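Asks: Sharing model_26.cif, mmCIF, C-alpha atoms:
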```cif
data_model
#
loop_
_atom_site.label_atom_id
_atom_site.label_comp_id
_atom_site.auth_asym_id
_atom_site.auth_seq_id
_atom_site.Cartn_x
_atom_site.Cartn_y
_atom_site.Cartn_z
CA MET D 2 21.13 -8.93 -17.47
CA ILE D 3 24.25 -8.51 -15.31
CA THR D 4 25.44 -5.18 -13.93
CA PHE D 5 28.84 -4.65 -12.31
CA LEU D 6 29.80 -2.04 -9.73
CA TYR D 7 33.54 -1.61 -9.38
CA LYS D 8 36.02 0.86 -7.92
CA GLU D 9 38.49 2.77 -10.00
CA ASN D 10 40.52 5.82 -9.01
CA GLY D 11 38.56 6.23 -5.78
CA ARG D 12 35.21 6.29 -7.56
CA VAL D 13 32.48 3.72 -8.21
CA HIS D 14 31.60 2.85 -11.77
CA MET D 15 28.61 0.92 -13.06
CA GLU D 16 28.67 -1.10 -16.24
CA LYS D 17 26.42 -3.70 -17.80
CA VAL D 18 27.82 -6.90 -19.26
CA ARG D 19 27.69 -7.04 -23.01
CA ASP D 20 29.63 -10.20 -23.87
CA SER D 21 31.39 -12.08 -21.08
CA ILE D 22 31.93 -11.36 -17.38
CA SER D 23 35.60 -12.32 -17.79
CA ASP D 24 36.19 -8.77 -19.06
CA PHE D 25 35.83 -7.59 -15.43
CA GLY D 26 38.40 -9.97 -14.02
CA ASP D 27 41.01 -7.26 -13.48
CA LYS D 28 38.67 -4.74 -11.84
CA GLU D 29 38.05 -4.17 -8.13
CA ILE D 30 34.44 -5.34 -8.06
CA ILE D 31 32.20 -4.57 -5.08
CA GLY D 32 28.79 -5.54 -6.47
CA ILE D 33 27.16 -7.70 -9.13
CA ASP D 34 23.46 -7.42 -9.89
CA LEU D 35 21.61 -10.14 -11.79
CA GLU D 36 18.26 -9.02 -13.16
CA SER D 37 16.23 -11.76 -14.83
CA PRO D 38 19.45 -13.60 -15.74
CA THR D 39 19.51 -16.21 -18.46
CA PRO D 40 20.70 -19.71 -17.50
CA GLU D 41 24.01 -18.95 -19.25
CA GLU D 42 24.52 -15.71 -17.29
CA ARG D 43 23.69 -17.46 -14.05
CA LYS D 44 26.17 -20.24 -14.77
CA GLN D 45 28.89 -17.73 -15.63
CA VAL D 46 28.54 -15.93 -12.32
CA GLU D 47 28.29 -19.14 -10.27
CA SER D 48 31.36 -20.59 -11.96
CA GLN D 49 33.48 -17.41 -11.95
CA TYR D 50 32.88 -16.56 -8.27
CA ASN D 51 32.22 -20.02 -6.84
CA ILE D 52 28.75 -19.19 -5.45
CA LYS D 53 25.37 -20.88 -5.57
CA LEU D 54 22.38 -18.67 -6.31
CA LEU D 55 19.27 -19.60 -4.35
CA SER D 56 16.15 -20.94 -5.97
CA TRP D 57 13.12 -18.65 -5.91
CA GLN D 58 11.27 -21.05 -3.63
CA LYS D 59 14.04 -20.63 -1.08
CA ALA D 60 14.24 -16.86 -1.54
CA GLU D 61 10.50 -16.48 -0.97
CA GLU D 62 10.47 -18.35 2.35
CA ILE D 63 9.46 -16.10 5.23
CA GLU D 64 10.96 -18.04 8.16
CA SER D 65 13.46 -15.93 10.07
CA SER D 66 16.15 -18.59 9.59
CA SER D 67 15.75 -18.21 5.82
CA ARG D 68 15.86 -14.41 5.73
CA TYR D 69 19.49 -14.21 6.87
CA PHE D 70 22.09 -16.89 7.47
CA GLU D 71 25.87 -17.28 7.32
CA THR D 72 28.29 -20.00 6.31
CA ASP D 73 32.07 -20.12 6.70
CA ASP D 74 32.73 -17.66 3.88
CA THR D 75 29.29 -16.48 2.72
CA ILE D 76 26.40 -14.34 3.93
CA ILE D 77 22.99 -14.95 2.39
CA ALA D 78 20.07 -12.56 2.95
CA ASN D 79 16.62 -12.56 1.40
CA SER D 80 14.35 -9.54 1.38
CA ASN D 81 11.12 -8.39 -0.23
CA TYR D 82 11.13 -5.17 -2.22
CA MET D 83 8.05 -3.02 -2.66
CA LYS D 84 7.05 -1.81 -6.08
CA MET D 85 4.15 0.18 -7.49
CA GLU D 86 2.72 -0.59 -10.91
CA ASN D 87 -0.42 0.95 -12.42
CA GLY D 88 -1.31 2.49 -9.08
CA ARG D 89 -1.15 -0.85 -7.23
CA TYR D 90 1.42 -1.94 -4.66
CA ASP D 91 3.14 -5.30 -4.66
CA TYR D 92 6.46 -6.78 -3.60
CA MET D 93 9.00 -9.14 -5.06
CA PRO D 94 11.75 -11.27 -3.47
CA VAL D 95 15.39 -10.26 -3.84
CA SER D 96 18.24 -12.52 -2.77
CA PHE D 97 21.63 -11.16 -1.63
CA ILE D 98 24.90 -13.02 -1.29
CA ILE D 99 28.11 -11.54 0.11
CA LYS D 100 31.25 -13.49 -0.70
CA HIS D 101 34.84 -12.40 -1.34
CA GLN D 102 33.69 -8.94 -0.12
CA ILE D 103 31.44 -8.72 -3.20
CA LEU D 104 27.69 -8.19 -2.99
CA PHE D 105 25.63 -10.32 -5.39
CA SER D 106 21.95 -9.43 -5.83
CA TYR D 107 19.58 -11.74 -7.66
CA HIS D 108 15.98 -10.98 -8.75
CA TYR D 109 13.54 -11.58 -11.57
CA ASP D 110 12.02 -8.13 -11.78
CA LYS D 111 13.37 -4.64 -12.28
CA VAL D 112 15.02 -3.15 -9.19
CA ASP D 113 16.73 0.22 -9.35
CA SER D 114 18.74 -0.34 -6.18
CA PHE D 115 22.17 -0.41 -7.83
CA LYS D 116 21.24 2.51 -10.05
CA ASN D 117 20.11 4.57 -7.03
CA VAL D 118 23.16 3.52 -5.03
CA TYR D 119 25.40 4.45 -7.92
CA SER D 120 23.80 7.90 -8.11
CA ARG D 121 24.33 8.43 -4.38
CA LEU D 122 27.97 7.34 -4.56
CA GLN D 123 28.89 9.79 -7.30
CA ALA D 124 29.58 12.54 -4.79
CA GLN D 125 31.56 10.33 -2.39
CA SER D 126 35.04 8.90 -2.15
CA VAL D 127 34.79 5.12 -1.92
CA THR D 128 38.32 4.02 -1.27
CA ASP D 129 37.41 1.68 1.60
CA MET D 130 34.03 0.48 0.29
CA ASP D 131 33.40 -3.24 -0.10
CA GLY D 132 30.41 -5.54 -0.50
CA TYR D 133 29.43 -5.18 3.16
CA ASP D 134 29.26 -1.38 2.88
CA LEU D 135 27.38 -1.71 -0.39
CA PHE D 136 24.80 -4.01 1.19
CA LEU D 137 24.16 -1.52 3.99
CA LEU D 138 23.84 1.27 1.44
CA VAL D 139 21.36 -0.78 -0.61
CA LEU D 140 19.25 -1.30 2.52
CA ASP D 141 19.48 2.40 3.32
CA VAL D 142 18.33 3.32 -0.19
CA ARG D 143 15.42 0.91 0.04
CA ILE D 144 14.39 2.36 3.40
CA ASP D 145 14.29 5.81 1.76
CA TYR D 146 12.20 4.33 -1.06
CA ASP D 147 9.77 2.79 1.43
CA ALA D 148 9.49 6.21 3.07
CA ASP D 149 8.63 7.70 -0.33
CA LEU D 150 5.93 5.06 -0.82
CA LEU D 151 4.51 5.88 2.61
CA GLU D 152 4.42 9.55 1.67
CA ALA D 153 2.56 8.62 -1.53
CA VAL D 154 0.04 6.68 0.56
CA GLY D 155 -0.32 9.73 2.83
CA ARG D 156 -1.02 11.97 -0.16
CA SER D 157 -3.66 9.55 -1.42
CA ILE D 158 -5.27 9.54 2.04
CA ASN D 159 -5.38 13.35 2.00
CA GLN D 160 -7.04 13.33 -1.42
CA ILE D 161 -9.72 10.88 -0.28
CA SER D 162 -10.26 12.90 2.91
CA LYS D 163 -10.77 16.08 0.85
CA LYS D 164 -13.08 14.21 -1.51
CA ILE D 165 -15.25 13.10 1.40
CA ARG D 166 -15.19 16.30 3.48
CA ILE D 167 -15.45 18.94 0.77
CA ASP D 168 -16.86 17.29 -2.34
CA ARG D 169 -19.16 15.01 -0.32
CA ASP D 170 -18.50 12.34 -2.92
CA LEU D 171 -19.87 9.20 -1.26
CA ASP D 172 -19.60 6.37 -3.74
CA GLU D 173 -18.35 2.82 -4.06
CA GLU D 174 -15.08 4.00 -5.61
CA SER D 175 -14.06 5.79 -2.40
CA ILE D 176 -14.58 2.61 -0.37
CA LEU D 177 -12.50 0.61 -2.85
CA GLN D 178 -9.72 3.24 -2.76
CA ILE D 179 -9.61 3.09 1.03
CA THR D 180 -9.47 -0.71 0.92
CA GLN D 181 -6.60 -0.64 -1.60
CA LEU D 182 -4.67 1.83 0.54
CA GLN D 183 -5.20 -0.37 3.59
CA GLU D 184 -3.75 -3.32 1.69
CA ALA D 185 -0.82 -1.17 0.52
CA THR D 186 -0.15 -0.01 4.09
CA MET D 187 -0.14 -3.60 5.34
CA LEU D 188 2.24 -4.63 2.55
CA LEU D 189 4.54 -1.71 3.39
CA ARG D 190 4.50 -2.66 7.05
CA GLU D 191 5.41 -6.26 6.25
CA ASN D 192 8.15 -5.06 3.91
CA ILE D 193 9.66 -2.70 6.50
CA MET D 194 9.51 -5.38 9.21
CA ASP D 195 11.29 -7.72 6.80
CA LYS D 196 14.19 -5.27 6.42
CA GLN D 197 14.21 -4.64 10.15
CA ARG D 198 14.62 -8.34 10.77
CA VAL D 199 17.53 -8.58 8.32
CA MET D 200 19.27 -5.56 9.89
CA SER D 201 18.82 -7.01 13.37
CA ALA D 202 20.56 -10.17 12.17
CA ILE D 203 23.35 -8.08 10.61
CA LEU D 204 23.80 -6.22 13.91
CA LYS D 205 24.41 -9.54 15.66
CA SER D 206 26.83 -10.73 12.99
CA GLU D 207 30.57 -10.67 13.61
CA ARG D 208 31.23 -10.24 9.88
CA PHE D 209 30.23 -6.57 10.01
CA VAL D 210 32.87 -4.54 11.79
CA ASN D 211 32.02 -2.28 14.73
CA LYS D 212 32.26 0.93 12.74
CA LYS D 213 29.00 -0.04 11.01
CA GLU D 214 27.12 -0.60 14.27
CA GLY D 215 26.16 3.06 14.73
CA ARG D 216 24.92 3.25 11.14
CA LEU D 217 22.84 0.11 11.57
CA ARG D 218 21.24 1.44 14.73
CA ILE D 219 20.26 4.63 12.91
CA MET D 220 18.74 2.56 10.10
CA LEU D 221 16.85 0.44 12.64
CA LYS D 222 15.57 3.63 14.24
CA ASP D 223 14.44 4.86 10.81
CA THR D 224 12.55 1.62 10.16
CA GLY D 225 10.96 1.92 13.61
CA SER D 226 9.74 5.41 12.68
CA LEU D 227 8.37 4.09 9.40
CA LEU D 228 6.50 1.34 11.25
CA GLU D 229 4.93 3.96 13.51
CA HIS D 230 3.97 5.93 10.41
CA THR D 231 2.32 2.87 8.86
CA ALA D 232 0.31 2.39 12.05
CA PHE D 233 -0.73 6.06 11.91
CA SER D 234 -1.70 5.76 8.23
CA PHE D 235 -3.74 2.65 8.95
CA GLU D 236 -5.56 4.45 11.77
CA ARG D 237 -6.32 7.35 9.42
CA LEU D 238 -7.70 4.95 6.84
CA GLU D 239 -9.89 3.25 9.45
CA PHE D 240 -11.13 6.67 10.57
CA LEU D 241 -11.90 7.64 6.96
CA GLN D 242 -13.64 4.34 6.38
CA ASP D 243 -15.78 4.80 9.50
CA THR D 244 -16.53 8.40 8.50
CA LEU D 245 -17.49 7.37 4.98
CA MET D 246 -19.73 4.57 6.18
CA GLY D 247 -21.33 6.94 8.71
CA LEU D 248 -22.04 9.54 6.03
CA ILE D 249 -23.46 6.86 3.74
CA ASP D 250 -25.72 5.68 6.59
CA ILE D 251 -26.89 9.28 7.13
CA GLU D 252 -27.72 9.66 3.44
CA GLN D 253 -29.58 6.36 3.47
CA ASN D 254 -31.47 7.40 6.60
CA LYS D 255 -32.49 10.63 4.88
CA ILE D 256 -33.90 8.65 1.95
CA ILE D 257 -35.72 6.25 4.27
CA LYS D 258 -37.04 9.21 6.27
CA MET D 259 -38.38 10.83 3.09
CA PHE D 260 -40.20 7.68 2.07
CA SER D 261 -41.58 7.29 5.59
CA VAL D 262 -42.91 10.86 5.57
CA VAL D 263 -44.49 10.38 2.15
CA ALA D 264 -46.12 7.16 3.31
CA VAL D 265 -47.53 8.81 6.46
CA VAL D 266 -48.72 11.92 4.55
CA PHE D 267 -50.74 9.79 2.14
CA MET D 268 -52.09 7.54 4.85
CA PRO D 269 -55.08 9.79 5.89
CA PRO D 270 -56.20 10.41 2.27
CA THR D 271 -55.94 6.68 1.65
CA LEU D 272 -58.09 6.01 4.70
CA ILE D 273 -60.73 8.53 3.54
CA ALA D 274 -60.72 7.12 0.01
CA SER D 275 -61.09 3.62 1.42
CA MET D 276 -64.08 4.65 3.49
CA TYR D 277 -65.87 6.14 0.49
CA GLY D 278 -64.98 3.14 -1.61
CA MET D 279 -66.97 0.74 0.58
CA ASN D 280 -69.92 -0.88 -1.17
CA PHE D 281 -72.67 -0.33 1.41
CA ARG D 282 -76.21 0.22 0.20
CA ILE D 283 -76.90 3.17 2.54
CA MET D 284 -74.20 5.88 2.53
CA PRO D 285 -75.56 9.43 3.05
CA GLU D 286 -72.82 11.13 1.01
CA LEU D 287 -73.63 9.13 -2.13
CA SER D 288 -76.75 11.20 -2.78
CA TRP D 289 -75.12 14.48 -1.77
CA SER D 290 -74.22 16.71 -4.73
CA PHE D 291 -71.16 18.09 -2.94
CA GLY D 292 -69.98 14.71 -1.70
CA TYR D 293 -67.17 14.29 -4.24
CA PRO D 294 -65.65 17.81 -3.75
CA PHE D 295 -66.01 17.36 -0.01
CA ALA D 296 -64.03 14.10 -0.11
CA ILE D 297 -61.30 15.73 -2.21
CA VAL D 298 -61.02 18.70 0.17
CA LEU D 299 -61.01 16.36 3.15
CA MET D 300 -58.15 14.30 1.73
CA LEU D 301 -56.09 17.39 0.90
CA ALA D 302 -56.73 18.88 4.32
CA SER D 303 -55.63 15.67 6.06
CA SER D 304 -52.35 15.67 4.09
CA VAL D 305 -51.68 19.36 4.81
CA LEU D 306 -52.44 18.90 8.52
CA THR D 307 -50.04 15.93 8.67
CA LEU D 308 -47.26 17.92 7.00
CA TRP D 309 -47.88 20.87 9.36
CA TYR D 310 -47.70 18.60 12.38
CA PHE D 311 -44.40 17.05 11.21
CA HIS D 312 -42.96 20.48 10.55
CA ARG D 313 -44.01 21.74 14.00
CA LYS D 314 -42.32 18.76 15.65
CA GLY D 315 -39.12 19.39 13.69
CA TRP D 316 -39.26 16.11 11.86
CA LEU D 317 -38.96 17.78 8.47
#
```
What does the file become when written as structure tokens?
Replies:
Amino acid sequence: MITFLYKENGRVHMEKVRDSISDFGDKEIIGIDLESPTPEERKQVESQYNIKLLSWQKAEEIESSSRYFETDDTIIANSNYMKMENGRYDYMPVSFIIKHQILFSYHYDKVDSFKNVYSRLQAQSVTDMDGYDLFLLVLDVRIDYDADLLEAVGRSINQISKKIRIDRDLDEESILQITQLQEATMLLRENIMDKQRVMSAILKSERFVNKKEGRLRIMLKDTGSLLEHTAFSFERLEFLQDTLMGLIDIEQNKIIKMFSVVAVVFMPPTLIASMYGMNFRIMPELSWSFGYPFAIVLMLASSVLTLWYFHRKGWL
């Protein structure tokens, strides 16, 4: 699917291709988004605008030289976009190309960047906007989205903290939730650092005019704040994990303590029963009519005395 962003009467319009991209030849295009394009759609765009879309193997490379590079008339940038599906976090590669002052984005999964950018531009006059401005705005929108994901992680951390502190729910599910949130935080951190690296390269580029420098520095500052927040979230998760494991150890110690007390309480009666169970020919109590009740009372008394001693020492 191909989506066009173009300027008309000082406003940005968004339209999806229905038949052929040649219908947009007379419009002032600033952005073209290719989402899961068919081979025919890809060929149309490459032929119409004289560009070469990167292969996915190239787009997924993580070397800094592959994240952003320039040629004589083209800027190519690759970035990973976070997404959340069924409560799990993951990311996908998105490739950007800027040529003829048009931003081309290329991905094989749903990305609402152009849709969100379009919504933000509805209240603005865009007379001077081109593909460079659009690229910066896409990055800005994605930074806001990453911030929203971090807030969602923070809310999940608060829920787990409440579950542990108030509900005292100490189960395997809580440990798995903490582990999943740790993985999500690491993915978010990698994703934010990826954007930070691309923006640092843009800041060094001579293709972006000086008026965008202040905006880029603000965006870099925002990503720096998000990185600090990811570090804080990871520390909170480690603290929760340590707290949960400590509480689980306490509960296990209580169980072990209970079994230990039970074992010690029954040790004296067991000793008395063992003594009277010995098969010696001469045992005075065997001919005593009160021998059996005496042994029972003796065993009960030994258990009660053991419990009283434990209670006095504060071990119970």
Asks: What would the selection look like, as a list of chain:residue names, if the PyMOL selection byres ((chain D and resi 265-280) around 10) were run on the coordinates I just shared?
Replies: D:Met259, D:Phe260, D:Ser261, D:Val262, D:Val263, D:Ala264, D:Phe281, D:Arg282, D:Ile283, D:Met284, D:Glu286, D:Leu287, D:Gly292, D:Tyr293, D:Ala296, D:Ile297, D:Val298, D:Leu299, D:Met300, D:Leu301, D:Ala302, D:Ser303, D:Ser304, D:Val305, D:Leu306, D:Thr307, D:Leu308, D:Phe311
Asks: What are the nearest atom pairs, with distances in Å to one decimal, for all residues of segment 155-214 of chain D that come at most 9 Å from segment 87-111 of chain D, using all atoms listed in the file, set out by chain and rising residue number as a Markdown table?
Replies:
```
| residue | atom | partner | partner_atom | distance |
| --- | --- | --- | --- | --- |
| D:Gln181 | CA | D:Arg89 | CA | 7.8 |
| D:Leu182 | CA | D:Tyr90 | CA | 8.9 |
| D:Glu184 | CA | D:Tyr90 | CA | 8.3 |
| D:Ala185 | CA | D:Tyr90 | CA | 5.7 |
| D:Leu188 | CA | D:Asp91 | CA | 7.3 |
| D:Leu189 | CA | D:Tyr90 | CA | 8.6 |
| D:Asn192 | CA | D:Tyr92 | CA | 7.9 |
```
Asks: On this structure, which residues satisfy the PyMOL selection byres ((chain D and resi 27-32) around 9), written as JSON, numbers by chain?
Replies: {"D": [4, 5, 6, 7, 8, 9, 13, 23, 24, 25, 26, 33, 34, 99, 102, 103, 104, 105, 106, 115, 130, 131, 132, 133, 135, 136]}
Asks: Quick check, in Å to one decimal: how far apart do atom CA of Lys196 of chain D and atom CA of Asp134 of chain D lie?
Replies: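 Spanning atom CA of Lys196 of chain D to atom CA of Asp134 of chain D is a straight-line distance of 16.0 Å.
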Asks: Of the candidates D:Ser201, D:Thr244, D:Thr128, D:Ser120, which shows the shortest atom-to-atom distance to Ser162 of chain D, using all atoms listed in the file?
Replies: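 For Ser162 of chain D, the nearest of the given residues is D:Thr244.
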Asks: Just say which residues the PyMOL selection byres ((chain D and resi 118) around 12) picks in this file, as a VMD selection string.
Replies: chain D and resid 6 13 to 15 32 34 112 to 117 119 to 125 134 to 143 145 to 146
Asks: In Å to one decimal, how far is atom CA of Leu238 of chain D from atom CA of Leu177 of chain D?
Replies: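 Pair atom CA of Leu177 of chain D / atom CA of Leu238 of chain D returns 11.7 Å.
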Asks: How many Å separate atom CA of Tyr69 of chain D from atom CA of Ala148 of chain D?
Replies: 23.1 Å
Asks: Of the residues D:Met220, D:Met187, D:Ile203, D:Ile249, which is the one nearest to Ala232 of chain D, using only C-alpha atoms?
Replies: D:Met187
Asks: Nearest to Arg68 of chain D: which of D:Met194, D:Val46, D:Ile158, D:Met85 is it, counting all atoms listed in the file?
Replies: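 Of all the options, D:Met194 lies closest to Arg68 of chain D.
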Asks: Put a box with edges along x, y and z around all the listed atoms of segment 232-247 of chain D, pad it by 8 Å on each side, then give me its centre and sizes in Å, one decimal, as lines of an AutoDock Vina configuration file.
Replies:
```
center_x = -10.5
center_y = 5.4
center_z = 8.5
size_x = 37.6
size_y = 22.0
size_z = 23.1
```
Asks: With distances taken over all atoms listed in the file, which of D:Pro40, D:Gly11, D:Gly315, D:Gly155 is nearest to Thr231 of chain D?
Replies: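 Closest candidate: D:Gly155.
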Asks: So, counting all atoms listed in the file, which residue among D:Asn254, D:Lys164, D:Glu36, D:Asp74 is closest to Asn51 of chain D?
Replies: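 Using all atoms listed in the file, the shortest distance to Asn51 of chain D belongs to D:Asp74.
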Asks: In terms of the shortest atom-to-atom distance over only C-alpha atoms, which of D:Asp195, D:Glu236, D:Glu41, D:Asp73 is closest to Leu221 of chain D?
Replies: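 Checking each of D:Asp195, D:Glu236, D:Glu41, D:Asp73 against Leu221 of chain D, counting only C-alpha atoms, the winner is D:Asp195.
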